[in-house]
file query_21.cif (mmCIF, C-alpha atoms (C1' of nucleotides))
data_my_file
loop_
_atom_site.label_atom_id
_atom_site.label_comp_id
_atom_site.auth_asym_id
_atom_site.auth_seq_id
_atom_site.Cartn_x
_atom_site.Cartn_y
_atom_site.Cartn_z
CA MET Z 1 29.60 -29.92 28.36
CA VAL Z 2 28.27 -28.78 25.07
CA GLY Z 3 30.79 -30.73 23.07
CA THR Z 4 30.15 -34.16 24.58
CA HIS Z 5 28.00 -35.35 21.75
CA GLY Z 6 29.05 -32.92 19.09
CA THR Z 7 26.25 -33.80 16.74
CA SER Z 8 26.05 -31.78 13.58
CA GLU Z 9 22.43 -31.13 14.39
CA ALA Z 10 23.22 -29.23 17.55
CA LYS Z 11 25.86 -27.28 15.73
CA ARG Z 12 23.45 -26.17 13.06
CA LEU Z 13 21.18 -24.65 15.66
CA ASP Z 14 23.68 -23.23 18.08
CA GLY Z 15 26.60 -22.32 15.92
CA HIS Z 16 26.08 -19.10 14.05
CA GLN Z 17 28.87 -18.54 11.61
CA THR Z 18 30.27 -15.06 11.84
CA GLU Z 19 31.74 -15.14 8.36
CA THR Z 20 29.09 -13.23 6.49
CA ASP Z 21 28.12 -11.02 9.40
CA ALA Z 22 30.30 -8.14 8.31
CA GLU Z 23 28.06 -7.70 5.31
CA LEU Z 24 24.94 -7.61 7.45
CA ILE Z 25 26.38 -5.86 10.49
CA PRO Z 26 29.24 -3.64 9.34
CA ASP Z 27 29.81 -1.82 12.60
CA ALA Z 28 28.84 -1.59 16.25
CA ARG Z 29 25.57 0.25 15.59
CA GLY Z 30 24.20 -2.93 14.06
CA ARG Z 31 25.10 -5.15 16.96
CA THR Z 32 22.00 -4.40 18.92
CA ASP Z 33 19.59 -6.78 20.58
CA LYS Z 34 16.63 -4.46 20.38
CA PRO Z 35 15.25 -1.72 18.12
CA GLU Z 36 17.49 1.30 18.75
CA PRO Z 37 16.60 4.57 17.03
CA THR Z 38 20.31 5.14 16.47
CA CYS Z 39 20.71 1.97 14.47
CA PRO Z 40 20.99 2.81 10.76
CA VAL Z 41 18.40 0.18 9.95
CA GLU Z 42 15.88 1.89 12.18
CA VAL Z 43 16.67 5.24 10.61
CA ALA Z 44 15.97 3.88 7.15
CA LEU Z 45 12.92 2.05 8.41
CA ALA Z 46 11.53 5.22 9.96
CA ALA Z 47 11.82 6.96 6.61
CA ILE Z 48 9.67 4.44 4.76
CA SER Z 49 7.33 3.41 7.53
CA GLY Z 50 3.78 4.52 7.68
CA ARG Z 51 1.22 3.87 5.03
CA TRP Z 52 1.69 5.86 1.79
CA ALA Z 53 5.25 6.86 2.76
CA THR Z 54 6.95 5.13 -0.15
CA LEU Z 55 4.41 6.46 -2.61
CA VAL Z 56 4.89 10.03 -1.41
CA LEU Z 57 8.66 9.56 -1.63
CA ARG Z 58 8.34 8.12 -5.11
CA GLU Z 59 6.47 11.21 -6.29
CA LEU Z 60 9.04 13.50 -4.73
CA MET Z 61 11.81 11.56 -6.44
CA HIS Z 62 10.45 12.93 -9.72
CA GLY Z 63 11.12 16.44 -8.47
CA PRO Z 64 9.53 19.08 -6.24
CA CYS Z 65 5.82 18.85 -5.82
CA SER Z 66 3.05 20.89 -4.26
CA PHE Z 67 0.57 19.64 -1.73
CA GLY Z 68 -2.23 19.66 -4.27
CA GLU Z 69 -0.17 17.88 -6.89
CA LEU Z 70 0.63 15.14 -4.47
CA ARG Z 71 -3.06 14.79 -3.74
CA ALA Z 72 -3.84 14.69 -7.43
CA ARG Z 73 -1.33 11.93 -8.06
CA LEU Z 74 -2.48 9.96 -5.04
CA PRO Z 75 -6.23 10.57 -5.26
CA THR Z 76 -7.35 8.28 -2.47
CA LEU Z 77 -4.86 9.68 0.02
CA THR Z 78 -6.63 12.06 2.39
CA ALA Z 79 -5.26 15.48 3.28
CA LYS Z 80 -4.83 14.52 6.90
CA VAL Z 81 -2.67 11.51 6.22
CA LEU Z 82 -0.66 13.38 3.59
CA THR Z 83 -0.05 16.15 6.11
CA ASP Z 84 1.02 13.55 8.67
CA ARG Z 85 3.39 11.81 6.29
CA LEU Z 86 4.96 15.03 5.02
CA GLY Z 87 5.32 16.30 8.56
CA GLU Z 88 7.20 13.19 9.58
CA LEU Z 89 9.46 13.38 6.56
CA VAL Z 90 10.19 17.04 7.25
CA ALA Z 91 10.85 16.28 10.92
CA GLN Z 92 13.33 13.62 9.85
CA GLY Z 93 15.12 16.08 7.61
CA LEU Z 94 14.31 14.11 4.48
CA VAL Z 95 11.96 16.63 2.90
CA ALA Z 96 12.05 20.42 2.81
CA LYS Z 97 9.00 22.64 2.64
CA ASP Z 98 9.14 25.89 0.66
CA ARG Z 99 6.29 28.36 0.73
CA LEU Z 100 6.01 30.02 -2.64
CA PRO Z 101 4.99 33.70 -2.64
CA GLY Z 102 1.78 34.77 -4.34
CA PHE Z 103 -1.83 33.89 -4.15
CA PRO Z 104 -3.34 31.43 -3.73
CA VAL Z 105 -0.72 30.00 -1.45
CA ARG Z 106 1.49 27.32 -2.95
CA THR Z 107 3.81 25.07 -1.10
CA SER Z 108 6.57 23.15 -2.71
CA TYR Z 109 7.93 20.00 -1.14
CA ARG Z 110 11.26 18.64 -2.22
CA LEU Z 111 13.72 16.03 -1.07
CA THR Z 112 16.73 17.17 0.88
CA ASP Z 113 20.16 15.71 0.25
CA ALA Z 114 19.42 13.20 2.99
CA GLY Z 115 16.10 12.36 1.34
CA MET Z 116 17.82 11.72 -1.98
CA GLU Z 117 19.76 8.97 -0.28
CA LEU Z 118 16.55 6.99 -0.08
CA ARG Z 119 16.39 6.40 -3.81
CA PRO Z 120 18.51 3.22 -3.79
CA LEU Z 121 16.34 1.91 -0.97
CA LEU Z 122 13.15 2.36 -2.99
CA ILE Z 123 14.77 0.60 -5.90
CA THR Z 124 15.89 -2.27 -3.69
CA LEU Z 125 12.43 -2.54 -2.15
CA TYR Z 126 11.03 -3.00 -5.63
CA SER Z 127 13.60 -5.51 -6.81
CA THR Z 128 13.49 -7.45 -3.56
CA GLY Z 129 9.72 -7.67 -3.68
CA SER Z 130 9.94 -8.87 -7.26
CA ARG Z 131 12.44 -11.57 -6.39
CA VAL Z 132 10.38 -12.67 -3.40
CA LEU Z 133 7.31 -12.98 -5.59
CA ALA Z 134 9.32 -14.92 -8.13
CA ALA Z 135 10.69 -17.25 -5.47
CA LEU Z 136 7.19 -17.90 -4.15
CA ALA Z 137 5.63 -18.42 -7.56
CA PRO Z 138 7.08 -21.85 -8.57
CA ARG Z 139 5.74 -23.59 -5.49
CA ASP Z 140 5.14 -22.70 -1.84
CA GLU Z 141 8.13 -24.81 -0.76
CA MET O 1 -3.65 27.31 -21.67
CA VAL O 2 -0.87 25.75 -19.75
CA GLY O 3 1.79 26.86 -22.14
CA THR O 4 0.81 30.51 -22.42
CA HIS O 5 3.27 31.73 -19.88
CA GLY O 6 5.67 28.85 -19.84
CA THR O 7 7.55 29.98 -16.78
CA SER O 8 10.31 27.71 -15.63
CA GLU O 9 8.80 27.81 -12.19
CA ALA O 10 5.58 26.19 -13.31
CA LYS O 11 7.53 23.61 -15.23
CA ARG O 12 9.54 22.63 -12.21
CA LEU O 13 6.40 21.90 -10.26
CA ASP O 14 4.23 20.40 -12.92
CA GLY O 15 6.69 18.72 -15.22
CA HIS O 16 7.89 15.42 -13.90
CA GLN O 17 10.69 14.11 -16.01
CA THR O 18 10.14 10.52 -16.97
CA GLU O 19 13.80 9.92 -17.68
CA THR O 20 14.80 8.22 -14.45
CA ASP O 21 11.42 6.64 -13.80
CA ALA O 22 12.37 3.30 -15.29
CA GLU O 23 14.83 2.84 -12.48
CA LEU O 24 12.21 3.56 -9.86
CA ILE O 25 9.21 2.04 -11.61
CA PRO O 26 10.44 -0.77 -13.86
CA ASP O 27 7.07 -2.17 -14.81
CA ALA O 28 3.31 -1.75 -14.53
CA ARG O 29 3.09 -3.08 -10.97
CA GLY O 30 4.89 0.04 -9.80
CA ARG O 31 2.60 2.47 -11.56
CA THR O 32 0.02 2.53 -8.83
CA ASP O 33 -1.59 5.49 -7.16
CA LYS O 34 -2.31 3.68 -3.93
CA PRO O 35 -0.85 0.93 -1.76
CA GLU O 36 -1.56 -2.31 -3.63
CA PRO O 37 -0.61 -5.60 -1.97
CA THR O 38 0.50 -6.87 -5.38
CA CYS O 39 3.05 -4.10 -5.80
CA PRO O 40 6.54 -5.51 -5.23
CA VAL O 41 7.33 -2.61 -2.93
CA GLU O 42 4.44 -3.56 -0.67
CA VAL O 43 5.55 -7.17 -0.67
CA ALA O 44 9.02 -6.21 0.50
CA LEU O 45 7.58 -3.75 2.96
CA ALA O 46 5.31 -6.38 4.44
CA ALA O 47 8.32 -8.59 5.05
CA ILE O 48 10.17 -6.04 7.15
CA SER O 49 7.26 -4.23 8.73
CA GLY O 50 6.28 -4.72 12.27
CA ARG O 51 8.52 -4.01 15.19
CA TRP O 52 11.41 -6.46 15.65
CA ALA O 53 10.93 -7.92 12.17
CA THR O 54 14.34 -6.91 10.84
CA LEU O 55 16.06 -8.12 13.99
CA VAL O 56 14.38 -11.51 13.78
CA LEU O 57 15.33 -11.73 10.13
CA ARG O 58 18.90 -10.73 10.92
CA GLU O 59 19.19 -13.61 13.39
CA LEU O 60 17.74 -16.07 10.92
CA MET O 61 20.22 -14.89 8.29
CA HIS O 62 22.94 -16.43 10.46
CA GLY O 63 21.24 -19.80 10.07
CA PRO O 64 18.36 -21.79 11.52
CA CYS O 65 17.35 -20.88 15.02
CA SER O 66 15.00 -22.18 17.67
CA PHE O 67 12.31 -20.20 19.41
CA GLY O 68 14.28 -20.07 22.63
CA GLU O 69 17.48 -19.07 20.90
CA LEU O 70 15.74 -16.19 19.26
CA ARG O 71 14.44 -15.13 22.62
CA ALA O 72 17.91 -15.41 24.12
CA ARG O 73 19.42 -13.22 21.42
CA LEU O 74 16.63 -10.68 21.63
CA PRO O 75 16.06 -10.66 25.40
CA THR O 76 13.55 -7.84 25.62
CA LEU O 77 11.34 -9.28 22.91
CA THR O 78 8.33 -10.96 24.49
CA ALA O 79 7.14 -14.42 23.46
CA LYS O 80 3.87 -13.07 22.18
CA VAL O 81 5.43 -10.60 19.79
CA LEU O 82 8.00 -13.13 18.64
CA THR O 83 5.21 -15.59 17.94
CA ASP O 84 3.34 -12.90 16.02
CA ARG O 85 6.36 -11.93 13.94
CA LEU O 86 7.32 -15.52 13.14
CA GLY O 87 3.73 -16.33 12.28
CA GLU O 88 3.59 -13.48 9.80
CA LEU O 89 6.89 -14.47 8.23
CA VAL O 90 5.73 -18.06 7.91
CA ALA O 91 2.41 -16.92 6.44
CA GLN O 92 4.31 -14.91 3.87
CA GLY O 93 6.39 -17.92 2.94
CA LEU O 94 9.63 -16.29 4.05
CA VAL O 95 10.32 -18.57 7.01
CA ALA O 96 9.79 -22.30 7.49
CA LYS O 97 9.04 -23.95 10.79
CA ASP O 98 10.42 -27.40 11.52
CA ARG O 99 9.44 -29.30 14.63
CA LEU O 100 12.37 -31.34 15.83
CA PRO O 101 11.55 -34.72 17.37
CA GLY O 102 12.53 -35.45 20.97
CA PHE O 103 11.88 -33.95 24.32
CA PRO O 104 11.60 -31.22 25.31
CA VAL O 105 10.05 -29.98 22.09
CA ARG O 106 12.33 -27.97 19.86
CA THR O 107 11.33 -25.94 16.91
CA SER O 108 13.71 -24.76 14.29
CA TYR O 109 12.97 -21.73 12.21
CA ARG O 110 14.84 -21.11 8.99
CA LEU O 111 14.60 -18.83 6.01
CA THR O 112 13.02 -20.19 2.86
CA ASP O 113 14.47 -19.42 -0.56
CA ALA O 114 12.11 -16.48 -0.72
CA GLY O 115 13.27 -15.33 2.68
CA MET O 116 16.89 -15.45 1.60
CA GLU O 117 16.04 -12.86 -1.02
CA LEU O 118 15.63 -10.35 1.79
CA ARG O 119 19.33 -10.27 2.58
CA PRO O 120 20.19 -7.51 0.08
CA LEU O 121 17.30 -5.49 1.46
CA LEU O 122 18.63 -5.65 5.00
CA ILE O 123 22.05 -4.60 3.76
CA THR O 124 20.55 -1.70 1.83
CA LEU O 125 18.52 -0.65 4.87
CA TYR O 126 21.74 -0.44 6.84
CA SER O 127 23.74 1.42 4.23
CA THR O 128 20.88 3.77 3.43
CA GLY O 129 20.40 4.60 7.08
CA SER O 130 24.11 5.24 7.41
CA ARG O 131 24.15 7.58 4.44
CA VAL O 132 21.07 9.41 5.70
CA LEU O 133 22.72 9.92 9.07
CA ALA O 134 25.86 11.12 7.34
CA ALA O 135 23.90 13.52 5.17
CA LEU O 136 22.12 14.93 8.21
CA ALA O 137 25.25 15.23 10.30
CA PRO O 138 27.04 18.16 8.59
CA ARG O 139 24.11 20.53 8.92
CA ASP O 140 20.34 20.26 9.01
CA GLU O 141 20.04 21.93 5.58
"C1'" DC V 1 10.57 -25.82 25.62
"C1'" DG V 2 7.28 -23.46 22.79
"C1'" DG V 3 3.89 -21.43 22.67
"C1'" DG V 4 -1.67 -19.98 23.48
"C1'" DA V 5 -5.14 -16.97 25.84
"C1'" DT V 6 -6.28 -12.56 27.84
"C1'" DC V 7 -6.33 -7.96 28.72
"C1'" DC V 8 -4.87 -3.38 28.23
"C1'" DT V 9 -3.23 0.94 26.07
"C1'" DT V 10 -1.71 3.58 22.61
"C1'" DA V 11 -0.82 4.78 17.86
"C1'" DC V 12 -2.36 4.89 13.42
"C1'" DG V 13 -5.20 5.50 9.40
"C1'" DG V 14 -9.27 7.26 7.62
"C1'" DA V 15 -13.69 10.17 7.27
"C1'" DT V 16 -15.73 14.59 7.64
"C1'" DA V 17 -16.12 19.30 8.25
"C1'" DC V 18 -14.11 23.68 8.59
"C1'" DT V 19 -10.46 27.76 8.03
"C1'" DG V 20 -6.71 31.33 6.61
"C1'" DC U 1 -4.73 26.18 -2.20
"C1'" DA U 2 -3.10 24.13 1.83
"C1'" DG U 3 -3.87 22.77 5.38
"C1'" DT U 4 -6.29 22.29 10.73
"C1'" DA U 5 -9.64 20.24 13.95
"C1'" DT U 6 -12.34 16.32 15.56
"C1'" DC U 7 -13.86 11.97 16.04
"C1'" DC U 8 -13.63 7.17 15.49
"C1'" DG U 9 -12.57 2.10 14.80
"C1'" DT U 10 -9.09 -0.91 14.46
"C1'" DA U 11 -4.90 -3.04 14.92
"C1'" DA U 12 -0.41 -3.35 16.90
"C1'" DG U 13 2.68 -3.93 20.77
"C1'" DG U 14 3.40 -5.26 25.25
"C1'" DA U 15 2.46 -7.50 30.01
"C1'" DT U 16 0.94 -11.47 32.51
"C1'" DC U 17 -0.52 -15.95 33.35
"C1'" DC U 18 -1.26 -20.53 31.85
"C1'" DC U 19 -0.82 -25.06 29.29
"C1'" DG U 20 0.83 -29.40 26.60
#

call {"tool": "encode", "arguments": {"input": "query_21.cif", "output": "structure tokens"}}
result
Amino acid sequence: MVGTHGTSEAKRLDGHQTETDAELIPDARGRTDKPEPTCPVEVALAAISGRWATLVLRELMHGPCSFGELRARLPTLTAKVLTDRLGELVAQGLVAKDRLPGFPVRTSYRLTDAGMELRPLLITLYSTGSRVLAALAPRDE
Amino acid sequence: MVGTHGTSEAKRLDGHQTETDAELIPDARGRTDKPEPTCPVEVALAAISGRWATLVLRELMHGPCSFGELRARLPTLTAKVLTDRLGELVAQGLVAKDRLPGFPVRTSYRLTDAGMELRPLLITLYSTGSRVLAALAPRDE
DNA sequence: CGGGATCCTTACGGATACTG
DNA sequence: CAGTATCCGTAAGGATCCCG
């Protein structure tokens, strides 16, 4: 039925080559037809989603950091949003929170081993964005 | 003033080593203290942000695809959201929309050169998510 | 087939003020 | 210093119905 005409045009739309899929979808967790929290892509996405998330992560990549230091380095980020973002990262097991003894109270935030795994992603976000900008620059296509 | 005590504890919190920064922040566009649309990271983030965005991109990575085909492959995605997502991608110059002549109307969506640049990012999202899950699996730290 | 037009609800980001 | 407590406006996602 489908093959009666066999035009190359129909094939281009219908036929999806599965050759390169293994690169994009290495295993069964990627073969999903909707956003599943268990899909690795969604896990990574959750880590960097939310405004300011990548900037907070970038600062923590430099090493442990206190709440106030983070605020100082990201001056226009309000305490509420920073608390939200850090709370999410802690809940995801990407950041650990250490209360330092003494007074006034100091809290040190640092990346966990899982959080460290995000470094290549931040680097790829940067390089990808750069290449996209470069590809758009010549002409709008 | 700062150096009077010189405890290693203070250094760990205050001193951010600039050694590895070049990897994370290659040029001036990355040295921002707030989310700037011109920052490459924000550009890449914009491309994959919004629910279903990565799934739509994944499908388009296989090759051009019509509106209905996208709906068929992502059954629980409503037409409105798909229209939104595609519209954003087109507005960002990552996807091109071709109206095919004939009846009924067919529209073919395909990645532009800029959109193709997102492939490594999708792959990194997957591998990063996998490694994060693996790092969290042994123990919660 | 490929959307557009509405409407609704919730989540998110931000501002401001206050506390242990 | 390191948050918490409120309040608010907007925008995003989804459902439903309709049109060319």

call {"tool": "closest_atom_pairs", "arguments": {"input": "query_21.cif", "of": "chain O", "to": "chain U", "cutoff": "12 Å", "atoms": "all atoms listed in the file", "output": "Markdown table"}}
result
| residue | atom | partner | partner_atom | distance |
| --- | --- | --- | --- | --- |
| O:Ser49 | CA | U:DA12 | C1' | 11.2 |
| O:Gly50 | CA | U:DA12 | C1' | 8.3 |
| O:Arg51 | CA | U:DG13 | C1' | 8.1 |
| O:Trp52 | CA | U:DG13 | C1' | 10.4 |
| O:Thr76 | CA | U:DG14 | C1' | 10.5 |
| O:Leu77 | CA | U:DG14 | C1' | 9.2 |
| O:Thr78 | CA | U:DG14 | C1' | 7.6 |
| O:Ala79 | CA | U:DG14 | C1' | 10.1 |
| O:Lys80 | CA | U:DG14 | C1' | 8.4 |
| O:Val81 | CA | U:DG13 | C1' | 7.3 |
| O:Leu82 | CA | U:DG13 | C1' | 10.8 |
| O:Asp84 | CA | U:DG13 | C1' | 10.2 |
| O:Arg85 | CA | U:DG13 | C1' | 11.1 |
| O:Pro104 | CA | U:DG20 | C1' | 11.0 |
| O:Val105 | CA | U:DG20 | C1' | 10.3 |

call {"tool": "residues_around", "arguments": {"input": "query_21.cif", "residues": "Ala91 in chain Z", "least_positions_apart": "2", "cutoff": "12 Å", "atoms": "all atoms listed in the file", "output": "list in words"}}
result
Ala46, Ala47, Thr83, Asp84, Arg85, Leu86, Gly87, Glu88, Leu89, Gly93, Leu94, Val95, Ala96, Lys97, Thr112 and Gly115 of chain Z; Leu136 and Asp140 of chain O

call {"tool": "calpha_fit_and_write", "arguments": {"input": "query_21.cif", "fixed": "chain O", "moving": "chain Z", "output": "short mmCIF file (atom, residue, chain, number, x, y, z; two decimals) with C-alpha atoms, in the frame of the given file"}}
result
data_model
loop_
_atom_site.label_atom_id
_atom_site.label_comp_id
_atom_site.auth_asym_id
_atom_site.auth_seq_id
_atom_site.Cartn_x
_atom_site.Cartn_y
_atom_site.Cartn_z
CA MET Z 1 -3.60 27.31 -21.74
CA VAL Z 2 -0.83 25.98 -19.64
CA GLY Z 3 1.88 27.18 -21.97
CA THR Z 4 0.87 30.84 -22.13
CA HIS Z 5 3.44 31.98 -19.66
CA GLY Z 6 5.80 29.07 -19.80
CA THR Z 7 7.74 30.09 -16.75
CA SER Z 8 10.44 27.72 -15.64
CA GLU Z 9 8.92 27.81 -12.20
CA ALA Z 10 5.67 26.26 -13.32
CA LYS Z 11 7.57 23.65 -15.24
CA ARG Z 12 9.56 22.62 -12.22
CA LEU Z 13 6.39 21.88 -10.31
CA ASP Z 14 4.24 20.40 -13.01
CA GLY Z 15 6.69 18.71 -15.29
CA HIS Z 16 7.88 15.40 -13.96
CA GLN Z 17 10.64 14.05 -16.10
CA THR Z 18 10.08 10.44 -17.01
CA GLU Z 19 13.73 9.80 -17.76
CA THR Z 20 14.77 8.13 -14.54
CA ASP Z 21 11.41 6.54 -13.86
CA ALA Z 22 12.36 3.20 -15.35
CA GLU Z 23 14.81 2.75 -12.52
CA LEU Z 24 12.18 3.49 -9.91
CA ILE Z 25 9.19 1.95 -11.66
CA PRO Z 26 10.43 -0.86 -13.89
CA ASP Z 27 7.06 -2.29 -14.83
CA ALA Z 28 3.32 -1.85 -14.57
CA ARG Z 29 3.08 -3.18 -11.01
CA GLY Z 30 4.86 -0.05 -9.83
CA ARG Z 31 2.57 2.36 -11.59
CA THR Z 32 0.00 2.42 -8.87
CA ASP Z 33 -1.63 5.39 -7.20
CA LYS Z 34 -2.34 3.60 -3.96
CA PRO Z 35 -0.84 0.86 -1.78
CA GLU Z 36 -1.56 -2.39 -3.65
CA PRO Z 37 -0.59 -5.66 -1.98
CA THR Z 38 0.50 -6.93 -5.39
CA CYS Z 39 3.04 -4.18 -5.83
CA PRO Z 40 6.55 -5.55 -5.25
CA VAL Z 41 7.32 -2.65 -2.95
CA GLU Z 42 4.44 -3.59 -0.70
CA VAL Z 43 5.54 -7.20 -0.68
CA ALA Z 44 9.01 -6.23 0.49
CA LEU Z 45 7.56 -3.75 2.94
CA ALA Z 46 5.28 -6.39 4.43
CA ALA Z 47 8.30 -8.60 5.06
CA ILE Z 48 10.14 -6.02 7.15
CA SER Z 49 7.21 -4.24 8.72
CA GLY Z 50 6.27 -4.69 12.30
CA ARG Z 51 8.50 -3.98 15.21
CA TRP Z 52 11.40 -6.45 15.68
CA ALA Z 53 10.91 -7.90 12.18
CA THR Z 54 14.32 -6.90 10.86
CA LEU Z 55 16.04 -8.10 14.00
CA VAL Z 56 14.37 -11.50 13.80
CA LEU Z 57 15.32 -11.72 10.12
CA ARG Z 58 18.88 -10.73 10.92
CA GLU Z 59 19.18 -13.59 13.40
CA LEU Z 60 17.74 -16.05 10.93
CA MET Z 61 20.20 -14.87 8.30
CA HIS Z 62 22.92 -16.42 10.47
CA GLY Z 63 21.24 -19.79 10.07
CA PRO Z 64 18.36 -21.79 11.55
CA CYS Z 65 17.35 -20.87 15.03
CA SER Z 66 15.01 -22.17 17.70
CA PHE Z 67 12.33 -20.18 19.42
CA GLY Z 68 14.31 -20.07 22.65
CA GLU Z 69 17.51 -19.04 20.91
CA LEU Z 70 15.75 -16.18 19.27
CA ARG Z 71 14.46 -15.10 22.65
CA ALA Z 72 17.92 -15.38 24.12
CA ARG Z 73 19.43 -13.20 21.42
CA LEU Z 74 16.63 -10.67 21.66
CA PRO Z 75 16.09 -10.65 25.43
CA THR Z 76 13.56 -7.84 25.63
CA LEU Z 77 11.35 -9.30 22.93
CA THR Z 78 8.34 -10.99 24.51
CA ALA Z 79 7.15 -14.44 23.50
CA LYS Z 80 3.87 -13.08 22.23
CA VAL Z 81 5.40 -10.61 19.84
CA LEU Z 82 8.00 -13.14 18.67
CA THR Z 83 5.20 -15.60 17.98
CA ASP Z 84 3.33 -12.90 16.06
CA ARG Z 85 6.34 -11.93 13.99
CA LEU Z 86 7.31 -15.51 13.18
CA GLY Z 87 3.72 -16.33 12.31
CA GLU Z 88 3.58 -13.48 9.84
CA LEU Z 89 6.87 -14.46 8.27
CA VAL Z 90 5.72 -18.07 7.95
CA ALA Z 91 2.40 -16.94 6.47
CA GLN Z 92 4.31 -14.91 3.90
CA GLY Z 93 6.38 -17.92 2.96
CA LEU Z 94 9.61 -16.29 4.08
CA VAL Z 95 10.32 -18.56 7.03
CA ALA Z 96 9.79 -22.29 7.50
CA LYS Z 97 9.06 -23.96 10.81
CA ASP Z 98 10.46 -27.42 11.53
CA ARG Z 99 9.49 -29.33 14.63
CA LEU Z 100 12.44 -31.37 15.81
CA PRO Z 101 11.65 -34.78 17.32
CA GLY Z 102 12.56 -35.51 20.92
CA PHE Z 103 11.90 -34.01 24.26
CA PRO Z 104 11.64 -31.29 25.29
CA VAL Z 105 10.12 -30.03 22.10
CA ARG Z 106 12.40 -28.00 19.87
CA THR Z 107 11.38 -25.95 16.93
CA SER Z 108 13.74 -24.77 14.30
CA TYR Z 109 12.98 -21.71 12.22
CA ARG Z 110 14.83 -21.10 9.01
CA LEU Z 111 14.57 -18.82 6.03
CA THR Z 112 13.01 -20.18 2.88
CA ASP Z 113 14.46 -19.43 -0.53
CA ALA Z 114 12.09 -16.48 -0.71
CA GLY Z 115 13.26 -15.32 2.72
CA MET Z 116 16.89 -15.44 1.62
CA GLU Z 117 16.03 -12.86 -0.99
CA LEU Z 118 15.61 -10.35 1.80
CA ARG Z 119 19.30 -10.26 2.61
CA PRO Z 120 20.18 -7.51 0.09
CA LEU Z 121 17.28 -5.48 1.45
CA LEU Z 122 18.61 -5.65 5.01
CA ILE Z 123 22.01 -4.60 3.77
CA THR Z 124 20.54 -1.69 1.83
CA LEU Z 125 18.49 -0.63 4.85
CA TYR Z 126 21.70 -0.41 6.83
CA SER Z 127 23.71 1.43 4.21
CA THR Z 128 20.85 3.79 3.40
CA GLY Z 129 20.35 4.63 7.05
CA SER Z 130 24.07 5.28 7.37
CA ARG Z 131 24.10 7.60 4.39
CA VAL Z 132 21.03 9.44 5.64
CA LEU Z 133 22.67 9.97 9.00
CA ALA Z 134 25.81 11.17 7.28
CA ALA Z 135 23.85 13.57 5.09
CA LEU Z 136 22.07 14.98 8.14
CA ALA Z 137 25.20 15.29 10.25
CA PRO Z 138 27.00 18.25 8.55
CA ARG Z 139 24.06 20.60 9.00
CA ASP Z 140 20.27 20.33 8.98
CA GLU Z 141 20.09 22.03 5.57
#

call {"tool": "interface_residues", "arguments": {"input": "query_21.cif", "of": "chain V", "to": "chain O", "cutoff": "9 Å", "atoms": "only C-alpha atoms (C1' of nucleotides)", "output": "VMD selection string"}}
result
chain V and resid 1 to 4

call {"tool": "write_last_selection", "arguments": {"input": "query_21.cif", "atoms": "C-alpha atoms (C1' of nucleotides)", "output": "PDB file, in the frame of the given file"}}
result
ATOM      1  C1'  DC V   1      10.570 -25.820  25.620  1.00  0.00           C
ATOM      2  C1'  DG V   2       7.280 -23.460  22.790  1.00  0.00           C
ATOM      3  C1'  DG V   3       3.890 -21.430  22.670  1.00  0.00           C
ATOM      4  C1'  DG V   4      -1.670 -19.980  23.480  1.00  0.00           C
TER       5       DG V   4
END

call {"tool": "resolve_selection", "arguments": {"input": "query_21.cif", "expression": "the PyMOL selection byres ((chain Z) within 7 of (chain O))", "output": "PyMOL selection string"}}
result
chain Z and resi 12-13+16-17+23-24+33-35+40-41+43-44+52+62-66+73-74+76+93+113-114+117-118+121+123-126+128-132+135-136+140

call {"tool": "atom_distance", "arguments": {"input": "query_21.cif", "atom1": "CA of Leu57 in chain O", "atom2": "CA of Leu111 in chain O"}}
result
8.2 Å

call {"tool": "axis_aligned_box", "arguments": {"input": "query_21.cif", "around": "range 7-17 of chain U", "padding_each_side": "4 Å", "output": "lines of an AutoDock Vina configuration file"}}
result
center_x = -5.2
center_y = -2.0
center_z = 23.9
size_x = 25.3
size_y = 35.9
size_z = 26.9

call {"tool": "atom_distance", "arguments": {"input": "query_21.cif", "atom1": "CA of Arg99 in chain Z", "atom2": "CA of Leu70 in chain Z"}}
result
15.3 Å

call {"tool": "atom_distance", "arguments": {"input": "query_21.cif", "atom1": "CA of Gly102 in chain Z", "atom2": "C1' of DC18 in chain V"}}
result
23.3 Å

call {"tool": "decode", "arguments": {"input": "query_21.cif", "residues": "range 46-50 of chain Z", "atoms": "N, CA, C and O atoms", "output": "PDB file, in the first residue's frame"}}
result
ATOM      1  N   ALA Z  46      16.815  18.336  34.463  1.00  0.00           N
ATOM      2  CA  ALA Z  46      16.345  18.786  35.777  1.00  0.00           C
ATOM      3  C   ALA Z  46      17.454  19.504  36.526  1.00  0.00           C
ATOM      4  O   ALA Z  46      17.210  20.471  37.255  1.00  0.00           O
ATOM      5  N   ALA Z  47      18.677  19.054  36.327  1.00  0.00           N
ATOM      6  CA  ALA Z  47      19.813  19.642  37.039  1.00  0.00           C
ATOM      7  C   ALA Z  47      20.082  21.079  36.605  1.00  0.00           C
ATOM      8  O   ALA Z  47      20.476  21.917  37.410  1.00  0.00           O
ATOM      9  N   ILE Z  48      19.862  21.368  35.349  1.00  0.00           N
ATOM     10  CA  ILE Z  48      20.206  22.690  34.818  1.00  0.00           C
ATOM     11  C   ILE Z  48      18.987  23.547  34.546  1.00  0.00           C
ATOM     12  O   ILE Z  48      19.096  24.648  34.024  1.00  0.00           O
ATOM     13  N   SER Z  49      17.811  23.041  34.894  1.00  0.00           N
ATOM     14  CA  SER Z  49      16.621  23.821  34.599  1.00  0.00           C
ATOM     15  C   SER Z  49      16.278  24.729  35.762  1.00  0.00           C
ATOM     16  O   SER Z  49      16.605  24.468  36.902  1.00  0.00           O
ATOM     17  N   GLY Z  50      15.625  25.782  35.435  1.00  0.00           N
ATOM     18  CA  GLY Z  50      15.352  26.813  36.420  1.00  0.00           C
ATOM     19  C   GLY Z  50      16.340  27.932  36.221  1.00  0.00           C
ATOM     20  O   GLY Z  50      17.533  27.716  36.012  1.00  0.00           O
TER      21      GLY Z  50
END
